[in-house]
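Novice: My structure is stored as entry.cif, with mmCIF, C-alpha atoms.
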data_protein
#
loop_
_atom_site.label_atom_id
_atom_site.label_comp_id
_atom_site.auth_asym_id
_atom_site.auth_seq_id
_atom_site.Cartn_x
_atom_site.Cartn_y
_atom_site.Cartn_z
CA MET X 177 80.17 105.98 94.66
CA SER X 178 78.71 107.10 97.99
CA GLN X 179 80.65 106.40 101.18
CA ILE X 180 79.89 106.57 104.89
CA SER X 181 81.85 109.83 105.05
CA ASP X 182 79.19 111.43 102.83
CA PHE X 183 76.74 111.06 105.71
CA VAL X 184 78.91 111.03 108.84
CA VAL X 185 81.62 113.68 109.09
CA MET X 186 84.10 112.38 111.66
CA ASN X 187 87.29 114.12 112.65
CA ILE X 188 89.31 112.91 115.63
CA THR X 189 92.59 114.67 116.29
CA LYS X 190 95.35 113.34 118.50
CA GLU X 191 96.33 115.88 121.10
CA THR X 192 99.67 114.41 122.08
CA ALA X 193 103.18 115.75 122.31
CA LYS X 194 103.92 114.27 118.92
CA VAL X 195 102.44 115.01 115.50
CA THR X 196 98.74 114.62 114.62
CA GLN X 197 96.50 112.48 112.40
CA ALA X 198 94.41 109.62 112.44
CA GLY X 199 92.92 100.45 109.54
CA PHE X 200 93.21 97.75 111.94
CA GLY X 201 92.73 94.22 110.69
CA THR X 202 93.82 92.81 107.36
CA THR X 203 97.34 93.18 105.98
CA LEU X 204 98.06 93.71 102.29
CA LEU X 205 101.32 92.41 100.79
CA LEU X 206 102.23 94.46 97.70
CA GLY X 207 104.73 93.12 95.19
CA PRO X 208 105.38 91.77 91.68
CA TYR X 209 103.92 88.54 90.30
CA THR X 210 102.87 87.19 86.90
CA CYS X 211 101.36 83.86 87.93
CA MET X 212 97.74 85.07 88.09
CA PRO X 213 95.64 87.88 86.60
CA ASP X 214 94.13 89.14 89.86
CA THR X 215 95.15 92.64 90.94
CA VAL X 216 94.26 91.80 94.54
CA LYS X 217 93.45 88.42 96.07
CA THR X 218 92.56 87.29 99.59
CA TYR X 219 94.16 84.24 101.22
CA THR X 220 93.71 82.48 104.54
CA ASP X 221 96.91 80.43 104.34
CA PRO X 222 100.22 80.87 102.46
CA SER X 223 99.84 77.38 100.94
CA GLU X 224 96.97 78.73 98.85
CA MET X 225 99.45 80.98 97.08
CA LEU X 226 101.40 77.96 95.83
CA THR X 227 98.22 76.64 94.24
CA ASP X 228 97.99 79.92 92.32
CA GLY X 229 101.50 79.48 90.96
CA PHE X 230 103.63 81.41 93.46
CA LEU X 231 107.04 79.91 94.16
CA THR X 232 108.49 79.25 97.60
CA THR X 233 111.29 81.65 96.70
CA ASP X 234 108.93 84.54 95.88
CA SER X 235 109.18 87.49 98.24
CA LEU X 236 105.40 87.67 98.65
CA TYR X 237 105.27 84.05 99.75
CA ILE X 238 108.18 84.46 102.17
CA ALA X 239 106.51 87.51 103.69
CA SER X 240 103.20 85.66 104.00
CA LEU X 241 104.91 82.88 105.98
CA LYS X 242 106.19 85.40 108.50
CA LEU X 243 102.88 87.25 108.62
CA MET X 244 100.88 84.08 109.32
CA GLY X 245 103.55 82.21 111.28
CA GLN X 246 103.35 84.09 114.58
CA GLU X 247 101.93 82.70 117.82
CA LEU X 248 98.79 84.72 117.17
CA SER X 249 98.19 85.37 113.47
CA PRO X 250 95.51 87.07 111.32
CA GLU X 251 92.56 85.16 109.90
CA GLN X 252 93.38 86.33 106.38
CA PHE X 253 95.68 88.51 104.31
CA LYS X 254 95.68 90.02 100.85
CA VAL X 255 98.22 90.01 98.04
CA ALA X 256 98.30 92.85 95.51
CA ARG X 257 100.29 93.19 92.29
CA LYS X 258 102.97 95.65 91.37
CA GLY X 259 103.13 95.51 87.60
CA VAL X 260 106.35 94.44 85.90
CA ALA X 261 106.87 94.58 82.13
CA THR X 262 105.79 91.13 80.93
CA ASN X 263 103.99 89.79 77.88
CA GLU X 264 100.88 87.67 78.08
CA GLN X 265 101.63 84.01 77.31
CA GLN X 266 99.10 81.23 76.81
CA THR X 267 99.50 77.63 75.74
CA ILE X 268 97.23 75.40 73.71
CA THR X 269 97.95 71.70 74.15
CA THR X 270 96.17 68.63 72.85
CA ASP X 271 96.08 65.06 74.12
CA ALA X 272 97.58 63.80 70.84
CA ASP X 273 99.31 65.11 67.73
CA ALA X 274 97.18 66.18 64.77
CA THR X 275 97.69 64.34 61.48
CA LEU X 276 95.05 66.02 59.34
CA GLY X 277 92.43 68.77 59.29
CA THR X 278 92.03 72.33 60.60
CA TRP X 279 91.38 74.13 63.88
CA THR X 280 90.36 77.61 65.07
CA ILE X 281 90.86 79.94 68.04
CA THR X 282 88.13 82.16 69.50
CA TRP X 283 89.39 85.22 71.39
CA ASN X 284 87.22 87.96 72.87
CA GLY X 285 84.23 86.59 70.94
CA LEU X 286 86.08 86.61 67.58
CA THR X 287 87.12 83.44 65.75
CA THR X 288 90.08 82.98 63.41
CA GLY X 289 89.86 81.47 60.00
CA ALA X 290 90.65 77.77 59.63
CA ILE X 291 94.27 76.95 60.53
CA ALA X 292 95.83 73.86 58.92
CA TYR X 293 97.05 71.12 61.27
CA ASP X 294 100.58 71.51 59.90
CA ALA X 295 100.52 75.31 59.51
CA ALA X 296 103.82 77.09 60.01
CA THR X 297 104.11 79.40 63.00
CA SER X 298 103.93 82.41 60.68
CA ALA X 299 100.57 81.20 59.34
CA ILE X 300 99.22 80.76 62.87
CA GLU X 301 100.46 84.25 63.79
CA THR X 302 98.77 85.74 60.74
CA ALA X 303 95.46 84.08 61.60
CA ILE X 304 95.53 85.39 65.18
CA GLU X 305 96.71 88.90 64.23
CA ALA X 306 93.79 89.16 61.84
CA LEU X 307 91.44 89.35 64.85
CA ALA X 308 90.33 92.84 65.87
CA GLY X 309 92.20 94.12 68.90
CA ILE X 310 95.35 92.07 68.35
CA THR X 311 98.41 93.70 66.84
CA SER X 312 101.25 91.22 67.17
CA VAL X 313 101.86 87.73 68.54
CA THR X 314 104.72 85.27 68.49
CA VAL X 315 103.86 81.59 68.17
CA THR X 316 106.07 78.60 68.90
CA GLY X 317 105.15 74.96 68.24
CA THR X 318 102.67 73.33 65.87
CA MET X 319 99.71 70.97 66.01
CA ASP X 320 101.11 68.37 63.64
CA ALA X 321 102.88 65.09 64.25
CA GLY X 322 105.77 65.39 66.68
CA SER X 323 104.11 68.27 68.55
CA SER X 324 101.08 68.46 70.81
CA GLY X 325 100.60 72.16 71.19
CA ILE X 326 101.64 75.77 70.74
CA THR X 327 102.57 78.76 72.89
CA ILE X 328 101.20 82.20 72.02
CA GLU X 329 102.96 85.31 73.31
CA TRP X 330 101.46 88.74 72.75
CA ASP X 331 104.26 91.16 71.93
CA GLY X 332 105.11 94.22 69.88
CA ALA X 333 102.47 96.91 70.36
CA ASP X 334 100.49 94.49 72.50
CA ALA X 335 103.31 93.79 74.96
CA SER X 336 102.45 94.24 78.63
CA ILE X 337 98.71 94.39 77.96
CA PRO X 338 96.64 92.08 80.18
CA PHE X 339 94.76 90.27 77.41
CA VAL X 340 91.40 88.64 77.72
CA GLU X 341 91.82 84.88 78.07
CA ILE X 342 91.32 82.77 74.93
CA ASP X 343 87.64 81.83 74.89
CA SER X 344 87.99 78.46 73.21
CA VAL X 345 89.88 76.35 70.70
CA ASP X 346 87.89 74.20 68.27
CA ILE X 347 89.80 71.02 67.35
CA SER X 348 86.77 69.13 66.04
CA GLY X 349 88.19 69.43 62.52
CA LEU X 350 91.48 67.75 63.46
CA THR X 351 92.31 64.10 63.10
CA GLY X 352 94.17 62.70 66.11
CA PRO X 353 93.49 64.80 69.22
CA ALA X 354 90.29 64.37 71.21
CA SER X 355 90.73 67.10 73.83
CA VAL X 356 92.46 70.44 74.21
CA THR X 357 93.73 72.43 77.21
CA ILE X 358 94.21 76.20 77.37
CA ALA X 359 96.48 77.59 80.07
CA THR X 360 97.93 80.98 80.94
CA VAL X 361 101.66 80.73 81.51
CA GLN X 362 102.29 84.39 82.19
CA ASN X 363 99.91 87.30 82.72
CA GLY X 364 100.76 90.37 80.69
CA GLN X 365 101.09 93.64 82.54
CA ALA X 366 102.60 97.08 82.18
CA VAL X 367 105.39 98.17 84.49
CA GLN X 368 104.27 100.26 87.47
CA THR X 369 106.09 102.37 90.00
CA TRP X 370 105.43 101.45 93.62
CA ALA X 371 103.24 104.52 93.95
CA GLU X 372 101.22 103.58 90.85
CA ALA X 373 100.76 100.04 92.13
CA TYR X 374 99.57 101.31 95.51
CA ALA X 375 97.06 103.69 93.92
CA ALA X 376 95.74 100.95 91.61
CA THR X 377 95.39 98.56 94.54
CA LEU X 378 93.50 101.10 96.60
CA ALA X 379 91.10 101.71 93.72
CA GLU X 380 90.50 97.96 93.37
CA ASP X 381 90.22 97.02 97.06
CA SER X 382 90.51 99.33 100.08
CA ASP X 383 89.29 96.87 102.71
CA TRP X 384 92.58 96.44 104.55
CA THR X 385 94.68 98.29 107.12
CA PHE X 386 98.38 97.48 106.90
CA CYS X 387 100.42 97.58 103.70
CA ILE X 388 103.78 95.83 103.42
CA PRO X 389 105.55 96.56 100.10
CA MET X 390 108.14 94.03 98.96
CA LEU X 391 110.89 96.65 98.96
CA ASN X 392 113.52 94.61 100.74
CA GLY X 393 116.73 94.78 98.77
CA SER X 394 115.08 96.66 95.89
CA GLY X 395 113.52 99.82 97.21
CA ASP X 396 115.24 103.10 97.80
CA SER X 397 114.31 106.10 99.89
CA ALA X 398 112.43 107.71 97.01
CA ASP X 399 110.16 104.66 96.56
CA ILE X 400 109.37 104.51 100.26
CA ALA X 401 108.76 108.27 100.46
CA ALA X 402 106.40 108.17 97.48
CA LEU X 403 104.44 105.33 99.05
CA ALA X 404 104.43 107.00 102.45
CA ALA X 405 102.81 110.11 101.00
CA LEU X 406 99.99 108.01 99.47
CA VAL X 407 99.53 105.98 102.64
CA GLU X 408 99.23 109.21 104.64
CA ALA X 409 96.49 110.48 102.36
CA SER X 410 94.59 107.16 102.31
CA LYS X 411 94.60 106.75 106.11
CA LYS X 412 96.19 103.31 106.02
CA LEU X 413 99.35 102.13 107.82
CA MET X 414 102.54 100.92 106.09
CA GLY X 415 105.40 98.93 107.56
CA VAL X 416 108.83 98.53 105.94
CA SER X 417 111.84 96.59 107.20
CA THR X 418 115.32 97.63 106.09
CA ASP X 419 118.98 96.94 106.77
CA GLU X 420 120.08 100.34 105.49
CA VAL X 421 123.34 100.83 107.41
CA LYS X 422 123.14 104.62 107.47
CA ILE X 423 120.13 104.38 109.76
CA ILE X 424 122.32 103.15 112.62
CA GLU X 425 125.02 105.73 111.89
CA ASP X 426 125.42 109.42 112.61
CA ASP X 427 123.95 110.31 109.22
CA ASP X 428 120.83 112.17 108.13
CA THR X 429 120.71 111.06 104.49
CA ASP X 430 118.94 107.77 105.19
CA THR X 431 115.34 106.66 104.71
CA ALA X 432 114.43 106.96 108.39
CA SER X 433 115.66 110.56 108.51
CA ASP X 434 113.70 111.42 105.36
CA LEU X 435 110.45 109.97 106.73
CA GLN X 436 111.01 111.63 110.09
CA ALA X 437 111.59 115.00 108.44
CA ALA X 438 108.29 114.57 106.57
CA ALA X 439 106.60 113.74 109.91
CA TYR X 440 104.70 110.82 108.43
CA ASP X 441 102.13 109.45 110.89
CA ARG X 442 101.28 106.31 108.93
CA THR X 443 104.58 104.71 107.96
CA PHE X 444 106.86 102.86 110.36
CA LEU X 445 110.31 101.37 109.79
CA LEU X 446 111.99 98.38 111.39
CA TYR X 447 115.76 98.14 111.14
CA SER X 448 116.77 94.49 110.85
CA GLU X 449 119.78 92.72 109.46
CA ASP X 450 117.45 89.77 108.78
CA GLU X 451 115.36 91.77 106.31
CA ASP X 452 115.38 88.98 103.70
CA ASN X 453 112.89 87.15 105.94
CA TYR X 454 110.56 90.16 106.13
CA PRO X 455 110.58 90.78 109.89
CA ILE X 456 108.10 93.63 109.42
CA ALA X 457 105.53 91.05 108.27
CA GLY X 458 106.12 89.01 111.40
CA TRP X 459 105.82 92.06 113.65
CA ILE X 460 102.55 93.16 112.03
CA GLY X 461 101.24 89.58 111.84
CA GLY X 462 101.67 89.07 115.57
CA GLN X 463 100.00 92.34 116.60
CA SER X 464 97.27 93.00 114.04
CA PRO X 465 94.86 90.31 115.39
CA LYS X 466 94.78 92.02 118.78
CA ASP X 467 92.20 94.66 119.68
CA PRO X 468 93.27 98.12 118.49
CA GLY X 469 94.46 100.22 121.40
CA SER X 470 94.81 97.20 123.70
CA ILE X 471 98.53 96.64 123.13
CA THR X 472 101.83 98.42 122.87
CA TRP X 473 104.00 97.40 119.92
CA LYS X 474 107.13 97.48 122.08
CA PHE X 475 108.58 94.36 123.75
CA LYS X 476 107.08 92.06 121.11
CA PRO X 477 108.90 88.95 119.80
CA ILE X 478 108.89 88.02 116.09
CA THR X 479 108.86 84.29 115.43
CA GLY X 480 111.42 83.17 112.86
CA ILE X 481 113.52 86.36 112.88
CA THR X 482 117.09 86.66 114.12
CA ALA X 483 117.57 89.54 116.54
CA ASP X 484 120.31 92.11 115.90
CA THR X 485 123.26 92.89 118.13
CA LEU X 486 123.54 96.66 118.12
CA THR X 487 125.90 98.90 120.03
CA THR X 488 124.42 101.54 122.29
CA SER X 489 125.33 104.18 119.71
CA GLU X 490 123.82 102.26 116.79
CA LYS X 491 120.54 101.73 118.61
CA GLY X 492 120.57 105.36 119.71
CA TYR X 493 120.93 106.63 116.15
CA ALA X 494 118.02 104.45 114.94
CA ILE X 495 115.70 105.43 117.77
CA ALA X 496 116.55 109.11 117.40
CA LYS X 497 115.30 108.81 113.80
CA ASN X 498 112.09 107.06 114.96
CA CYS X 499 113.20 103.77 113.42
CA ASN X 500 112.31 100.64 115.39
CA THR X 501 114.85 97.99 116.40
CA TYR X 502 114.78 94.26 117.23
CA GLU X 503 117.31 92.95 119.74
CA THR X 504 117.88 90.39 122.50
CA VAL X 505 117.36 91.52 126.10
CA ALA X 506 118.00 89.09 128.97
CA GLY X 507 117.79 86.20 126.53
CA ILE X 508 114.47 87.34 125.03
CA ASN X 509 114.18 88.59 121.44
CA MET X 510 111.95 91.65 121.30
CA ILE X 511 111.22 95.05 119.80
CA THR X 512 113.43 97.28 121.93
CA SER X 513 112.39 100.64 120.49
CA GLU X 514 109.20 102.49 121.37
CA GLY X 515 107.01 101.06 118.62
CA VAL X 516 106.52 104.30 116.73
CA VAL X 517 105.72 105.64 113.28
CA ALA X 518 108.07 108.02 111.46
CA SER X 519 106.64 111.13 113.15
CA GLY X 520 107.33 109.64 116.58
CA GLU X 521 103.69 108.88 117.40
CA TYR X 522 102.97 105.42 118.79
CA ILE X 523 101.68 102.79 116.37
CA ASP X 524 99.01 101.72 118.88
CA VAL X 525 97.70 105.31 119.11
CA MET X 526 97.41 105.56 115.33
CA ARG X 527 95.69 102.20 114.96
CA GLY X 528 93.42 102.70 117.97
CA THR X 529 92.29 106.13 116.77
CA ASP X 530 91.48 104.74 113.33
CA TRP X 531 89.48 101.94 114.93
CA LEU X 532 87.51 104.34 117.11
CA GLU X 533 86.75 106.67 114.19
CA GLN X 534 85.72 103.83 111.87
CA ARG X 535 83.48 101.99 114.30
CA MET X 536 81.80 105.16 115.54
CA SER X 537 81.14 106.29 111.95
CA GLU X 538 79.75 102.88 110.96
CA ASP X 539 77.29 102.79 113.86
CA ILE X 540 76.06 106.33 113.28
CA PHE X 541 75.57 105.52 109.60
CA THR X 542 73.70 102.33 110.57
CA LEU X 543 71.39 104.40 112.77
CA LEU X 544 70.65 106.78 109.88
CA ALA X 545 70.20 104.01 107.31
CA ASN X 546 68.07 101.64 109.39
CA SER X 547 65.73 104.15 111.01
CA ASP X 548 62.56 105.45 109.37
CA GLN X 549 64.06 108.74 110.44
CA VAL X 550 66.23 110.16 113.17
CA PRO X 551 64.23 113.25 114.08
CA PHE X 552 65.95 116.62 114.31
CA THR X 553 64.85 116.92 117.93
CA THR X 554 66.50 116.72 121.32
CA PRO X 555 65.78 112.94 121.54
CA GLY X 556 67.16 112.50 118.01
CA ILE X 557 70.38 114.31 118.90
CA ALA X 558 70.60 112.13 122.01
CA GLN X 559 70.46 108.96 119.86
CA VAL X 560 73.58 110.06 117.98
CA GLY X 561 75.23 111.13 121.24
CA ALA X 562 74.58 107.69 122.74
CA ILE X 563 76.60 106.06 119.96
CA VAL X 564 79.48 108.48 120.51
CA ALA X 565 79.40 107.68 124.23
CA TYR X 566 79.27 103.92 123.60
CA TRP X 567 82.37 103.85 121.47
CA LEU X 568 84.35 106.18 123.69
CA ASN X 569 83.60 103.86 126.60
CA ARG X 570 84.63 100.90 124.44
CA GLY X 571 87.90 102.78 123.96
CA VAL X 572 88.30 102.78 127.73
CA GLU X 573 87.49 99.06 127.92
CA VAL X 574 90.18 98.06 125.42
CA GLY X 575 92.78 100.31 127.04
CA LEU X 576 92.99 103.00 124.38
CA LEU X 577 91.45 105.81 126.44
CA ALA X 578 91.97 106.72 130.08
CA GLU X 579 89.08 106.11 132.44
CA GLY X 580 87.36 109.22 133.75
CA THR X 581 88.61 111.52 130.99
CA ILE X 582 85.67 111.38 128.57
CA LYS X 583 83.62 114.52 128.10
CA ILE X 584 80.84 114.76 125.48
CA THR X 585 78.94 117.89 124.54
CA LEU X 586 75.72 117.73 122.51
CA PRO X 587 74.41 120.89 120.87
CA LYS X 588 71.16 122.29 122.20
CA LEU X 589 68.41 122.23 119.62
CA ALA X 590 67.69 125.92 120.07
CA ASN X 591 71.33 126.82 119.34
CA ILE X 592 71.63 124.96 116.04
CA PRO X 593 71.65 127.44 113.11
CA ALA X 594 68.54 127.42 110.93
CA GLY X 595 70.70 126.93 107.84
CA GLU X 596 72.06 123.63 109.18
CA LYS X 597 68.58 122.49 110.19
CA SER X 598 67.28 123.30 106.70
CA ILE X 599 69.86 120.99 105.10
CA ARG X 600 69.38 118.39 107.89
CA TYR X 601 72.98 118.61 109.06
CA LEU X 602 73.52 117.86 112.74
CA ASN X 603 76.77 119.61 113.58
CA GLY X 604 78.39 120.59 116.85
CA ILE X 605 78.75 117.30 118.72
CA THR X 606 82.12 117.44 120.45
CA PHE X 607 84.05 115.22 122.81
CA SER X 608 87.40 115.04 124.51
CA ALA X 609 89.31 112.18 126.10
CA THR X 610 92.86 111.23 127.07
CA TYR X 611 94.87 108.34 125.70
CA ALA X 612 95.63 105.75 128.37
CA GLY X 613 99.13 105.09 127.03
CA ALA X 614 101.31 102.21 128.18
CA ILE X 615 104.19 101.68 130.59
CA HIS X 616 107.47 101.33 128.67
CA LYS X 617 109.90 102.05 131.49
CA VAL X 618 109.76 101.65 135.24
CA GLY X 619 111.62 103.57 137.92
CA ILE X 620 111.63 102.34 141.52
CA THR X 621 113.28 103.88 144.53
CA GLY X 622 113.33 101.94 147.78
CA LYS X 623 115.05 101.66 151.09
CA ILE X 624 115.66 98.51 153.08
CA SER X 625 116.79 98.84 156.70
CA ALA X 626 118.14 96.42 159.24
CA ALA X 627 115.61 95.03 161.71
#
Before we go any further, please render this structure as structure tokens.
Specialist:
Amino acid sequence: MSQISDFVVMNITKETAKVTQAGFGTTLLLGPYTCMPDTVKTYTDPSEMLTDGFLTTDSLYIASLKLMGQELSPEQFKVARKGVATNEQQTITTDADATLGTWTITWNGLTTGAIAYDAATSAIETAIEALAGITSVTVTGTMDAGSSGITIEWDGADASIPFVEIDSVDISGLTGPASVTIATVQNGQAVQTWAEAYAATLAEDSDWTFCIPMLNGSGDSADIAALAALVEASKKLMGVSTDEVKIIEDDDTDTASDLQAAAYDRTFLLYSEDEDNYPIAGWIGGQSPKDPGSITWKFKPITGITADTLTTSEKGYAIAKNCNTYETVAGINMITSEGVVASGEYIDVMRGTDWLEQRMSEDIFTLLANSDQVPFTTPGIAQVGAIVAYWLNRGVEVGLLAEGTIKITLPKLANIPAGEKSIRYLNGITFSATYAGAIHKVGITGKISAA
């Protein structure tokens, strides 16, 4: 499948004192569920998840409440599945018990032989297992008097396979029931590691920026590290909250130290003793709707999260490992660390750079796609250069780039190698600019004298 990057080669490097590398917008919540077959689904409100069968106690639902419950919240979010070993279960229920006759099931276009109204479960299992593609099922319940339905669970060699839904059930040959309902109780799926789930999600839907895995209380450093490596390669951003005590101790065997040692630019940690409420979701939810590059992630409150009380040493250990902290200062709950990713780079720099690269690439691609042609001439080169200039100036407007620091160089037509002209590749446009940064600390020296 062709992508914009096939036509627009964009490479923006961050020349800062920290480490280099370049999503903004939608947040993806990644975790286990069996209530629906969708690998990824978009929601605009957490209540919609309850309609799909999520429980109020599910980690994904709790995280969604924090994500969407901030003073300023995103317009939408996505939920993606981490597979857990479960068997597909479906129920067939009728409005009344059968007292005579036969019925059939059609699955994946194939129909069973006639099944007697009072058939034993073993007979129903045999009829279903005779269909091509089905190895083993377990059936409970019957259609006869005293029962109004059955439950089918795919198991054995078929366990954990996401089966096609039952097409239909024909009860026209039964005496008693007039209607039938088919429902999926549990969606079958194979167990996945966190890394496998992330990769599968990305293949299904990559239109999101932030990923929040439901690792609270279940993930270890290895899971986070494996995810962080994939996030780095996919140019997304991942946030994880943790109450791992070693992070606030003089110890280098903790998750924060591991991520810092790997110099990951796209994963950021938040230490919080209130991790069960997913404070990372609240932090991301409150900042992601704002223009990339226009904010610092420091000093921000998180609605619904209890701030920690850390000693100077505990906070110092966390910050030295580039792990963010949430505390109370002068009666205000806020992020008291610098708002950084594991490498030490600022989150706003990472997100703003991604935004600039994406928008610039999209507009250049739009120019190429919507024009009869962009001529390989000086005016044609200038058209591309104008887009570069526009978005760099937009970077100044939103506060990402410093005013007066932008320099753009367009190649002269006569200096472009004939080989690049022959393959219609405009190369050699360069620019430089300086990040505007943000004020995180203020020093004032003054003198007041007597009149």
Novice: With a distance cut-off of 9 Å and all atoms listed in the file, select the neighbouring residues of X:Ala565, excluding the residue or stretch itself and same-chain residues fewer than 4 positions from it, and output the selection as a count of residues only.
Specialist: 8
Novice: Enumerate, as number ranges by chain, the residues matched when the PyMOL selection byres ((chain X and resi 267-278) around 6) is run on the file above.
Specialist: X: 266, 279, 290-293, 319-321, 323-327, 349-353, 355-359
Novice: With a distance cut-off of 6 Å and all atoms listed in the file, select the neighbouring residues of stretch 439-453 of chain X, excluding the residue or stretch itself and same-chain residues fewer than 5 positions from it, and output the selection as number ranges by chain.
Specialist: X: 404, 408, 413-419, 499-501, 517-519
Novice: Would you work out the distance separating atom CA of X:Gln368 from atom CA of X:Trp384, expressed in Å to one decimal?
Specialist: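 Spanning atom CA of X:Gln368 to atom CA of X:Trp384 is a straight-line distance of 21.0 Å.
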Novice: Please compute the atom CA of X:Ile304-atom CA of X:Trp330 distance, one decimal, in Å.
Specialist: 10.2 Å
Novice: Between X:Thr377, X:Ser608, X:Thr282, X:Gln252, which residue has the minimum interatomic distance to X:Thr203, considering all atoms listed in the file?
Specialist: X:Gln252
Novice: Which residue gives the smallest distance to X:Arg527 among X:Leu204, X:Ile557, X:Met244, X:Ile471, with all atoms listed in the file counted?
Specialist: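 Nearest to X:Arg527: X:Ile471.
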Novice: I need the residue set behind the PyMOL selection byres ((chain X and resi 487-489) around 12) for this file; please write it as a PyMOL selection string.
Specialist: chain X and resi 423-426+484-486+490-496+501+503-504+512
Novice: Just want the 6 Å neighbourhood of X:Phe253, counted on all atoms listed in the file, with same-chain residues fewer than 3 positions away dropped. Output as an NGL selection string.
Specialist: :X and (202-203 or 218-219)
Novice: Expand the PyMOL selection byres ((chain X and resi 575) around 8) into the individual residues it matches in the shown file, reporting them as a VMD selection string.
Specialist: chain X and resid 469 to 471 571 to 574 576 to 578 612 to 613
Novice: Out of X:Thr287, X:Thr316, X:Thr262, X:Gln362, which residue has the shortest atom-to-atom distance to X:Asp334 when counting only C-alpha atoms?
Specialist: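 Ranking X:Thr287, X:Thr316, X:Thr262, X:Gln362 by distance to X:Asp334, first place goes to X:Thr262.
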Novice: Report, in Å with one decimal, the straight-line distance from atom CA of X:Asp343 to atom CA of X:Ile281.
Specialist: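 Separation between atom CA of X:Asp343 and atom CA of X:Ile281: 7.8 Å.
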Novice: Between X:Lys254, X:Lys617, X:Lys588, X:Lys466, which residue has the minimum interatomic distance to X:Thr220, considering only C-alpha atoms?
Specialist: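 For X:Thr220, the nearest of the candidates is X:Lys254.
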Novice: Between X:Leu205, X:Cys211, X:Ile511, X:Leu243, which is the closest to X:Gly480 once you count only C-alpha atoms?
Specialist: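 Among the listed residues, X:Leu243 lies closest to X:Gly480.
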Novice: For X:Lys597, which residue out of X:Thr311, X:Thr553, X:Ile563, X:Gly285 is the nearest one, using all atoms listed in the file?
Specialist: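 Nearest to X:Lys597: X:Thr553.
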Novice: Do you know which residues are at most 8 Å from X:Ser249 counting all atoms listed in the file, after dropping those on the same chain fewer than 5 positions away, and could you put them as a list in words?
Specialist: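 Final neighbour list, sorted by chain and number: Leu243, Met244, Gly461, Gly462, Gln463, Ser464 and Pro465 of chain X.
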Novice: Can I get the selection written as a short mmCIF file (atom, residue, chain, number, x, y, z; two decimals), in the frame of the given file, with C-alpha atoms?
Specialist:
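Writing the result to result.cif gives the following:
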data_model
loop_
_atom_site.label_atom_id
_atom_site.label_comp_id
_atom_site.auth_asym_id
_atom_site.auth_seq_id
_atom_site.Cartn_x
_atom_site.Cartn_y
_atom_site.Cartn_z
CA LEU X 243 102.88 87.25 108.62
CA MET X 244 100.88 84.08 109.32
CA GLY X 461 101.24 89.58 111.84
CA GLY X 462 101.67 89.07 115.57
CA GLN X 463 100.00 92.34 116.60
CA SER X 464 97.27 93.00 114.04
CA PRO X 465 94.86 90.31 115.39
#
Novice: Find the axis-aligned box for stretch 435-445 of chain X, covering all its listed atoms and adding 3 Å on each side, and write its centre and edge lengths in Å to one decimal as AutoDock Vina command-line options.
Specialist:
--center_x 106.4 --center_y 108.2 --center_z 108.7 --size_x 16.3 --size_y 19.6 --size_z 10.3
Novice: Just the residues within 7 Å of X:Ile605, please, counting all atoms listed in the file, with nothing from its chain fewer than 3 positions along; format it as a ChimeraX atom specification.
Specialist: /X:585-587
